[in-house]
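Everything below belongs to final.txt, which stores compact mmCIF, C-alpha atoms.
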```txt
# COMPACT_ATOMS: atom_id res chain seq x y z
CA MET Q 1 82.78 202.12 83.29
CA LYS Q 2 79.19 201.14 82.54
CA VAL Q 3 76.66 203.82 83.47
CA PRO Q 4 72.88 203.77 83.12
CA TYR Q 5 71.36 205.54 80.15
CA VAL Q 6 70.17 209.05 80.95
CA GLU Q 7 67.19 210.46 79.12
CA ASP Q 8 67.81 214.00 77.92
CA LYS Q 9 64.11 214.71 77.35
CA THR Q 10 62.23 215.96 80.38
CA THR Q 11 59.92 213.44 81.95
CA ARG Q 12 56.27 214.28 82.36
CA GLY Q 13 54.78 214.04 85.81
CA GLY Q 14 51.72 212.03 86.75
CA GLN Q 15 48.77 213.14 88.81
CA SER Q 16 50.88 213.78 91.90
CA THR Q 17 54.41 212.99 90.68
CA PRO Q 18 56.18 216.17 89.53
CA SER Q 19 57.98 216.28 86.21
CA GLU Q 20 61.74 216.72 85.93
CA THR Q 21 61.15 220.39 85.05
CA ASP Q 22 59.05 220.81 88.20
CA VAL Q 23 61.78 219.18 90.29
CA SER Q 24 64.47 221.45 88.84
CA ARG Q 25 62.28 224.51 89.47
CA MET Q 26 61.66 223.36 93.05
CA ILE Q 27 65.40 222.83 93.62
CA ARG Q 28 66.20 226.30 92.30
CA ALA Q 29 63.54 227.90 94.50
CA GLU Q 30 64.75 225.98 97.57
CA VAL Q 31 68.47 226.67 97.06
CA GLU Q 32 67.69 230.36 96.45
CA THR Q 33 66.57 230.55 100.10
CA TRP Q 34 69.93 229.23 101.34
CA LYS Q 35 71.60 232.44 102.40
CA SER Q 36 74.61 232.60 104.67
CA ARG Q 37 73.76 234.66 107.76
CA ARG Q 38 77.33 235.86 108.26
CA GLY Q 39 78.47 236.29 104.67
CA PRO Q 40 82.14 236.61 103.70
CA ASP Q 41 84.28 237.55 106.74
CA TRP Q 42 87.92 238.13 105.73
CA SER Q 43 89.13 238.97 109.24
CA ASP Q 44 87.72 235.68 110.62
CA LEU Q 45 89.50 233.86 107.81
CA MET Q 46 92.81 235.50 108.76
CA ILE Q 47 92.28 234.60 112.44
CA ARG Q 48 91.61 230.98 111.48
CA LEU Q 49 94.74 230.94 109.33
CA THR Q 50 96.98 232.12 112.16
CA ALA Q 51 95.30 229.89 114.75
CA ALA Q 52 95.54 226.76 112.62
CA GLY Q 53 99.36 226.48 112.79
CA PRO Q 54 101.55 224.93 110.09
CA SER Q 55 99.95 222.88 107.33
CA PRO Q 56 99.98 219.07 107.60
CA TRP Q 57 102.50 218.65 104.75
CA VAL Q 58 105.03 220.85 106.62
CA ILE Q 59 104.58 218.72 109.77
CA TYR Q 60 104.92 215.43 107.83
CA THR Q 61 108.04 216.60 105.95
CA THR Q 62 109.72 217.87 109.13
CA ALA Q 63 108.84 214.69 111.04
CA SER Q 64 110.18 212.47 108.21
CA ALA Q 65 113.43 214.46 107.99
CA ALA Q 66 113.87 214.25 111.77
CA LEU Q 67 113.32 210.48 111.70
CA VAL Q 68 115.94 210.01 108.96
CA VAL Q 69 118.48 212.12 110.95
CA ILE Q 70 117.81 210.06 114.11
CA LEU Q 71 118.24 206.73 112.27
CA VAL Q 72 121.47 207.80 110.50
CA THR Q 73 122.93 209.19 113.75
CA ALA Q 74 122.00 206.00 115.62
CA TYR Q 75 123.68 203.89 112.91
CA LEU Q 76 126.87 206.01 112.92
CA VAL Q 77 127.12 206.08 116.74
CA GLY Q 78 126.40 202.34 116.88
CA SER Q 79 129.13 201.47 114.40
CA TRP Q 80 131.66 203.87 115.97
CA LEU Q 81 131.13 202.42 119.44
CA GLN Q 82 130.87 198.90 117.97
CA ILE Q 83 127.62 198.15 119.77
CA GLY Q 84 124.47 196.48 118.62
CA ALA Q 85 123.74 194.03 115.82
CA LEU Q 86 125.19 196.35 113.16
CA ALA Q 87 128.61 196.26 114.78
CA GLN Q 88 128.88 192.42 114.86
CA PRO Q 89 131.92 191.29 112.85
CA ILE Q 90 131.02 189.04 109.93
CA ASN Q 91 132.65 185.68 110.36
CA SER Q 92 133.73 184.74 106.86
CA HIS Q 93 135.80 181.70 107.96
CA LEU Q 94 133.07 179.32 108.95
CA HIS Q 95 134.20 175.71 109.18
CA MET E 1 80.00 231.93 86.75
CA PRO E 2 80.91 235.50 85.94
CA ASP E 3 82.12 236.41 82.48
CA GLY E 4 85.67 237.52 81.79
CA GLU E 5 89.04 236.38 83.03
CA PRO E 6 88.90 234.04 86.02
CA LEU E 7 90.59 235.38 89.15
CA ASP E 8 94.01 234.01 90.03
CA PRO E 9 94.06 232.47 93.53
CA LYS E 10 97.78 233.27 93.86
CA THR E 11 97.40 237.02 93.53
CA GLN E 12 93.67 237.78 93.81
CA PHE E 13 92.60 235.52 96.64
CA ARG E 14 90.67 238.22 98.51
CA GLN E 15 88.53 239.03 95.45
CA LEU E 16 88.04 235.33 94.78
CA TYR E 17 86.86 234.88 98.39
CA ASP E 18 84.23 237.63 98.05
CA GLN E 19 83.14 236.42 94.63
CA GLU E 20 82.87 232.69 95.31
CA TYR E 21 81.81 232.67 98.97
CA HIS E 22 78.08 232.20 98.37
CA SER E 23 78.38 229.54 95.68
CA VAL E 24 80.82 227.55 97.85
CA TYR E 25 78.42 227.96 100.79
CA ARG E 26 75.49 226.62 98.74
CA ALA E 27 77.54 223.67 97.45
CA ILE E 28 78.53 222.78 101.02
CA ARG E 29 75.01 223.29 102.34
CA SER E 30 73.69 220.93 99.69
CA VAL E 31 75.86 218.23 101.26
CA VAL E 32 75.42 218.94 105.00
CA LEU E 33 71.95 220.59 104.89
CA GLU E 34 72.73 222.63 108.02
CA SER E 35 73.30 226.36 107.83
CA ALA E 36 75.67 226.71 110.82
CA ALA E 37 77.86 223.77 109.78
CA ALA E 38 77.85 225.00 106.18
CA GLU E 39 79.07 228.47 107.26
CA ASP E 40 81.86 226.98 109.34
CA LEU E 41 82.91 224.59 106.59
CA THR E 42 82.88 227.40 104.02
CA GLN E 43 85.41 229.37 106.08
CA GLU E 44 87.47 226.20 106.54
CA THR E 45 87.39 225.64 102.77
CA PHE E 46 88.90 229.08 102.16
CA VAL E 47 91.52 228.49 104.87
CA ARG E 48 92.62 225.30 103.06
CA ALA E 49 92.46 226.99 99.67
CA TYR E 50 94.52 229.95 100.91
CA ARG E 51 97.24 227.62 102.11
CA ALA E 52 97.20 225.69 98.84
CA ARG E 53 96.86 228.75 96.58
CA LEU E 54 100.48 228.65 95.42
CA ARG E 55 100.06 225.04 94.31
CA TYR E 56 96.91 225.83 92.29
CA THR E 57 97.18 224.82 88.64
CA PRO E 58 94.61 226.32 86.26
CA THR E 59 93.36 222.97 84.90
CA ALA E 60 89.90 223.85 86.27
CA PRO E 61 88.36 227.28 86.99
CA PRO E 62 89.09 228.54 90.53
CA GLY E 63 85.38 228.29 91.42
CA ALA E 64 85.35 224.57 90.60
CA TRP E 65 88.59 224.10 92.57
CA LEU E 66 87.07 225.81 95.63
CA ARG E 67 83.81 223.87 95.42
CA ARG E 68 85.75 220.64 95.16
CA ILE E 69 87.66 221.43 98.36
CA GLY E 70 84.38 222.43 100.04
CA ILE E 71 82.42 219.35 99.01
CA ASN E 72 85.25 217.03 100.08
CA LEU E 73 85.41 218.81 103.44
CA ALA E 74 81.64 218.54 103.84
CA ILE E 75 81.66 214.81 103.05
CA SER E 76 84.50 214.27 105.59
CA HIS E 77 82.48 216.27 108.13
CA LEU E 78 79.47 213.95 107.65
CA ARG E 79 81.71 210.88 107.94
CA ARG E 80 83.14 212.20 111.22
CA GLN E 81 79.61 212.84 112.50
CA LYS E 82 78.57 209.30 111.58
CA LEU E 83 81.61 207.84 113.39
CA ALA E 84 81.01 210.09 116.41
CA ARG E 85 77.63 208.46 116.97
CA PHE E 86 79.48 205.31 118.02
CA LEU E 87 81.28 207.18 120.80
CA PRO E 88 80.01 206.93 124.37
CA ALA E 89 77.23 209.44 125.09
CA ARG E 90 79.54 211.55 127.28
CA LEU E 91 82.09 212.07 124.52
CA TYR E 92 79.62 212.62 121.72
CA VAL E 93 78.08 216.06 121.43
CA ALA E 94 75.15 216.01 119.04
CA PRO E 95 75.36 218.71 116.34
CA ASP E 96 73.09 221.71 116.65
CA ARG E 97 70.40 221.10 114.07
CA ARG E 98 67.78 223.43 115.52
CA ASP E 99 67.18 225.21 112.27
CA TYR E 100 66.82 222.00 110.33
CA ASP E 101 65.15 219.57 112.67
CA ARG E 102 61.85 221.40 112.92
CA ALA E 103 60.23 218.63 110.91
CA GLU E 104 56.92 220.45 110.65
CA ALA E 105 58.58 223.54 109.18
CA ARG E 106 60.49 221.56 106.57
CA ASN E 107 58.90 221.73 103.15
CA VAL E 108 58.48 218.99 100.57
CA VAL E 109 61.65 219.89 98.70
CA GLU E 110 63.79 219.87 101.84
CA LYS E 111 62.43 216.43 102.72
CA ALA E 112 63.09 215.19 99.20
CA LEU E 113 66.65 216.54 99.30
CA GLU E 114 67.18 214.87 102.65
CA ALA E 115 66.15 211.55 101.08
CA LEU E 116 69.20 211.76 98.80
CA SER E 117 72.76 210.81 99.68
CA PRO E 118 75.17 213.80 100.07
CA LYS E 119 76.88 212.99 96.75
CA LEU E 120 73.56 212.92 94.87
CA ARG E 121 72.48 216.18 96.52
CA ALA E 122 75.69 217.92 95.50
CA ALA E 123 75.25 216.75 91.90
CA VAL E 124 71.63 217.97 91.56
CA VAL E 125 72.31 221.34 93.21
CA LEU E 126 75.36 221.98 91.02
CA HIS E 127 73.37 220.99 87.94
CA TYR E 128 69.97 222.57 88.52
CA TYR E 129 70.93 225.58 90.61
CA GLU E 130 74.46 226.52 89.56
CA GLY E 131 73.70 225.44 86.00
CA LEU E 132 76.94 223.50 85.61
CA THR E 133 77.27 220.95 82.82
CA ARG E 134 77.99 217.30 83.55
CA GLU E 135 81.62 217.83 82.57
CA GLU E 136 81.97 220.81 84.92
CA ILE E 137 80.35 218.86 87.78
CA ALA E 138 82.70 215.97 87.01
CA GLU E 139 85.62 218.40 87.54
CA VAL E 140 84.16 219.63 90.82
CA LEU E 141 83.35 216.19 92.22
CA GLY E 142 86.40 214.45 90.77
CA VAL E 143 84.34 211.70 89.08
CA PRO E 144 83.72 210.79 85.41
CA ALA E 145 80.97 212.69 83.54
CA GLY E 146 79.03 209.44 83.10
CA THR E 147 78.89 209.00 86.87
CA VAL E 148 77.55 212.55 87.20
CA ALA E 149 74.83 211.81 84.64
CA SER E 150 73.74 208.68 86.47
CA ARG E 151 73.80 210.48 89.83
CA ILE E 152 71.58 213.27 88.51
CA ALA E 153 69.14 210.80 86.94
CA LYS E 154 69.01 208.75 90.15
CA ALA E 155 68.55 211.86 92.31
CA VAL E 156 65.72 213.21 90.16
CA ALA E 157 63.97 209.82 90.21
CA ILE E 158 64.18 209.67 94.02
CA MET E 159 63.03 213.27 94.39
CA ARG E 160 60.08 212.83 92.05
CA LYS E 161 59.01 209.75 93.97
CA THR E 162 59.42 211.43 97.39
CA ILE E 163 57.66 214.64 96.38
CA GLY E 164 54.92 212.67 94.60
CA SER E 165 54.14 210.47 97.57
CA ASP E 166 54.30 213.47 99.90
CA GLN E 167 51.86 215.43 97.77
CA GLN E 168 49.56 212.41 97.44
CA ARG E 169 49.53 212.02 101.24
CA GLU E 170 48.75 215.72 101.56
CA THR E 171 45.86 215.46 99.04
CA GLU E 172 44.40 212.43 100.84
CA ARG E 173 44.66 214.23 104.17
CA SER E 174 42.90 217.36 102.94
CA ARG E 175 40.26 215.22 101.24
CA SER E 176 39.52 213.30 104.46
CA GLU E 177 39.51 216.57 106.43
CA GLY E 178 37.02 218.00 103.94
CA ALA E 179 34.82 214.93 104.24
CA LEU E 180 34.83 215.24 108.03
CA ARG E 181 33.92 218.92 107.82
CA GLY E 182 31.10 218.11 105.36
CA ARG E 183 29.38 215.81 107.88
```
Please lay out the structure from this file as structure tokens.
Amino acid sequence: MKVPYVEDKTTRGGQSTPSETDVSRMIRAEVETWKSRRGPDWSDLMIRLTAAGPSPWVIYTTASAALVVILVTAYLVGSWLQIGALAQPINSHLH
Amino acid sequence: MPDGEPLDPKTQFRQLYDQEYHSVYRAIRSVVLESAAAEDLTQETFVRAYRARLRYTPTAPPGAWLRRIGINLAISHLRRQKLARFLPARLYVAPDRRDYDRAEARNVVEKALEALSPKLRAAVVLHYYEGLTREEIAEVLGVPAGTVASRIAKAVAIMRKTIGSDQQRETERSRSEGALRGR
């Protein structure tokens, strides 16, 4: 993939444009002020885990397995009772 | 990143949670820019990580793995918010941005960060604050290192321009105020 060339040297700022070093310093100072008010809360995490129910992959796997069982059962019942398109006898003596 | 052996999410998840909470929070906040949403998404990140901990493969450090989950969640959150704006007014509840929307209180850097797209913001914060290399950021964001380099360069260019024009406006304003006072 073609990507634009990135200068490794820091760029100098103009009269009002800050340099890359200034920008990085400003970012560090700003992000330093981002403090979580609550902080880590293990008990809340456990509550969320129990309230969230099973994970999506468990739901998808169970639903897919149930669908396969329903389709196979429907096919077997259909052929045993000789109903539906699957039970139609194949006419091999067409004239 | 602390020195020594990285913690194993399978057996030391609680310690990993305490150790990485703040860096995951900052990574998420760099994307959403809201403290309340960032806190909620940080907890959600650890819920997802806890469920997936047994499937964790140590191809990347656990911190990078957690930040990746967090940033993806934050980007999905912003997408959902964007889509929700198209809902009828009764169904759409605007997010609480009280702490961020006080435009007067926002400083130059916040405004410059807001001018960036969430993906560019995440890249600059991970690079300049967390001190991650392009390769490490590439692991976190799931993009090639070259893309990270171009995102950082683009973000810095936008920020320099935004901060520069903001400062110039401020200088002109104080100059005209000074001239008025001098009369």
Inset, instruction - Hey, list the chain E side of the contact with chain Q: 9 Å cut-off, all atoms listed in the file, answer as JSON, numbers by chain. - result: {"E": [14, 17, 18, 21, 22, 25, 26, 29, 30, 35, 36, 38, 39, 43, 44, 46, 47, 48, 50, 51, 109, 110, 113, 124, 125, 127, 128, 129, 130, 144, 146, 147, 149, 150, 152, 153, 156, 157, 159, 160, 161, 162, 163, 164, 165, 166, 167, 168, 171]}
Legend entry - Atom pair CA of Arg169 in chain E / CA of Val32 in chain E: separation (Å):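 It comes out at 27.1 Å.
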Inset, instruction - For CA of Glu114 in chain E and CA of Gly142 in chain E, determine how far apart the two atoms are, in Å to one decimal place. - result: 22.6 Å
Legend entry - Between CA of Arg67 in chain E and CA of Val24 in chain E, distance in Å (one decimal):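 Between CA of Arg67 in chain E and CA of Val24 in chain E the gap is 5.3 Å.
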Legend entry - Spatial neighbours of Ala64 in chain E, max dist 8 Å, only C-alpha atoms, sep filter under 6 positions, as an MDAnalysis selection string: chainID E and resid 136 139:140
Reconstructed N, CA and C atoms for range 116-143 of chain E, given as a compact mmCIF listing (two decimals), in the coordinates of the input:
```txt
# COMPACT_ATOMS: atom_id res chain seq x y z
N LEU E 116 68.06 212.09 99.67
CA LEU E 116 69.20 211.76 98.80
C LEU E 116 70.48 211.61 99.61
N SER E 117 71.45 210.90 99.03
CA SER E 117 72.76 210.81 99.68
C SER E 117 73.50 212.14 99.43
N PRO E 118 74.47 212.52 100.28
CA PRO E 118 75.17 213.80 100.07
C PRO E 118 75.75 213.97 98.67
N LYS E 119 76.27 212.89 98.09
CA LYS E 119 76.88 212.99 96.75
C LYS E 119 75.83 213.28 95.68
N LEU E 120 74.64 212.67 95.83
CA LEU E 120 73.56 212.92 94.87
C LEU E 120 73.05 214.35 95.02
N ARG E 121 72.95 214.81 96.27
CA ARG E 121 72.48 216.18 96.52
C ARG E 121 73.41 217.20 95.88
N ALA E 122 74.71 216.98 96.07
CA ALA E 122 75.69 217.92 95.50
C ALA E 122 75.54 217.96 93.99
N ALA E 123 75.36 216.80 93.37
CA ALA E 123 75.25 216.75 91.90
C ALA E 123 74.02 217.50 91.41
N VAL E 124 72.85 217.29 92.05
CA VAL E 124 71.63 217.97 91.56
C VAL E 124 71.69 219.47 91.79
N VAL E 125 72.25 219.89 92.94
CA VAL E 125 72.31 221.34 93.21
C VAL E 125 73.27 222.02 92.22
N LEU E 126 74.40 221.40 91.98
CA LEU E 126 75.36 221.98 91.02
C LEU E 126 74.75 222.04 89.62
N HIS E 127 73.95 221.04 89.28
CA HIS E 127 73.37 220.99 87.94
C HIS E 127 72.17 221.93 87.80
N TYR E 128 71.21 221.81 88.69
CA TYR E 128 69.97 222.57 88.52
C TYR E 128 70.05 224.00 89.07
N TYR E 129 70.85 224.21 90.08
CA TYR E 129 70.93 225.58 90.61
C TYR E 129 72.08 226.37 90.00
N GLU E 130 73.29 225.80 90.08
CA GLU E 130 74.46 226.52 89.56
C GLU E 130 74.51 226.47 88.04
N GLY E 131 73.76 225.54 87.45
CA GLY E 131 73.70 225.44 86.00
C GLY E 131 74.97 224.88 85.37
N LEU E 132 75.71 224.08 86.14
CA LEU E 132 76.94 223.50 85.61
C LEU E 132 76.61 222.31 84.71
N THR E 133 77.46 222.09 83.71
CA THR E 133 77.27 220.95 82.82
C THR E 133 77.80 219.70 83.53
N ARG E 134 77.52 218.55 82.94
CA ARG E 134 77.99 217.30 83.55
C ARG E 134 79.51 217.27 83.65
N GLU E 135 80.15 217.81 82.61
CA GLU E 135 81.62 217.83 82.57
C GLU E 135 82.18 218.73 83.67
N GLU E 136 81.52 219.88 83.87
CA GLU E 136 81.97 220.81 84.92
C GLU E 136 81.76 220.20 86.31
N ILE E 137 80.63 219.52 86.48
CA ILE E 137 80.35 218.86 87.78
C ILE E 137 81.38 217.75 88.00
N ALA E 138 81.71 217.04 86.91
CA ALA E 138 82.70 215.97 87.01
C ALA E 138 84.03 216.53 87.53
N GLU E 139 84.38 217.75 87.07
CA GLU E 139 85.62 218.40 87.54
C GLU E 139 85.53 218.75 89.02
N VAL E 140 84.35 219.24 89.42
CA VAL E 140 84.16 219.63 90.82
C VAL E 140 84.20 218.42 91.74
N LEU E 141 83.47 217.36 91.34
CA LEU E 141 83.35 216.19 92.22
C LEU E 141 84.49 215.19 92.06
N GLY E 142 85.28 215.37 91.00
CA GLY E 142 86.40 214.45 90.77
C GLY E 142 85.95 213.06 90.36
N VAL E 143 84.85 212.99 89.58
CA VAL E 143 84.34 211.70 89.08
C VAL E 143 84.10 211.81 87.58
```
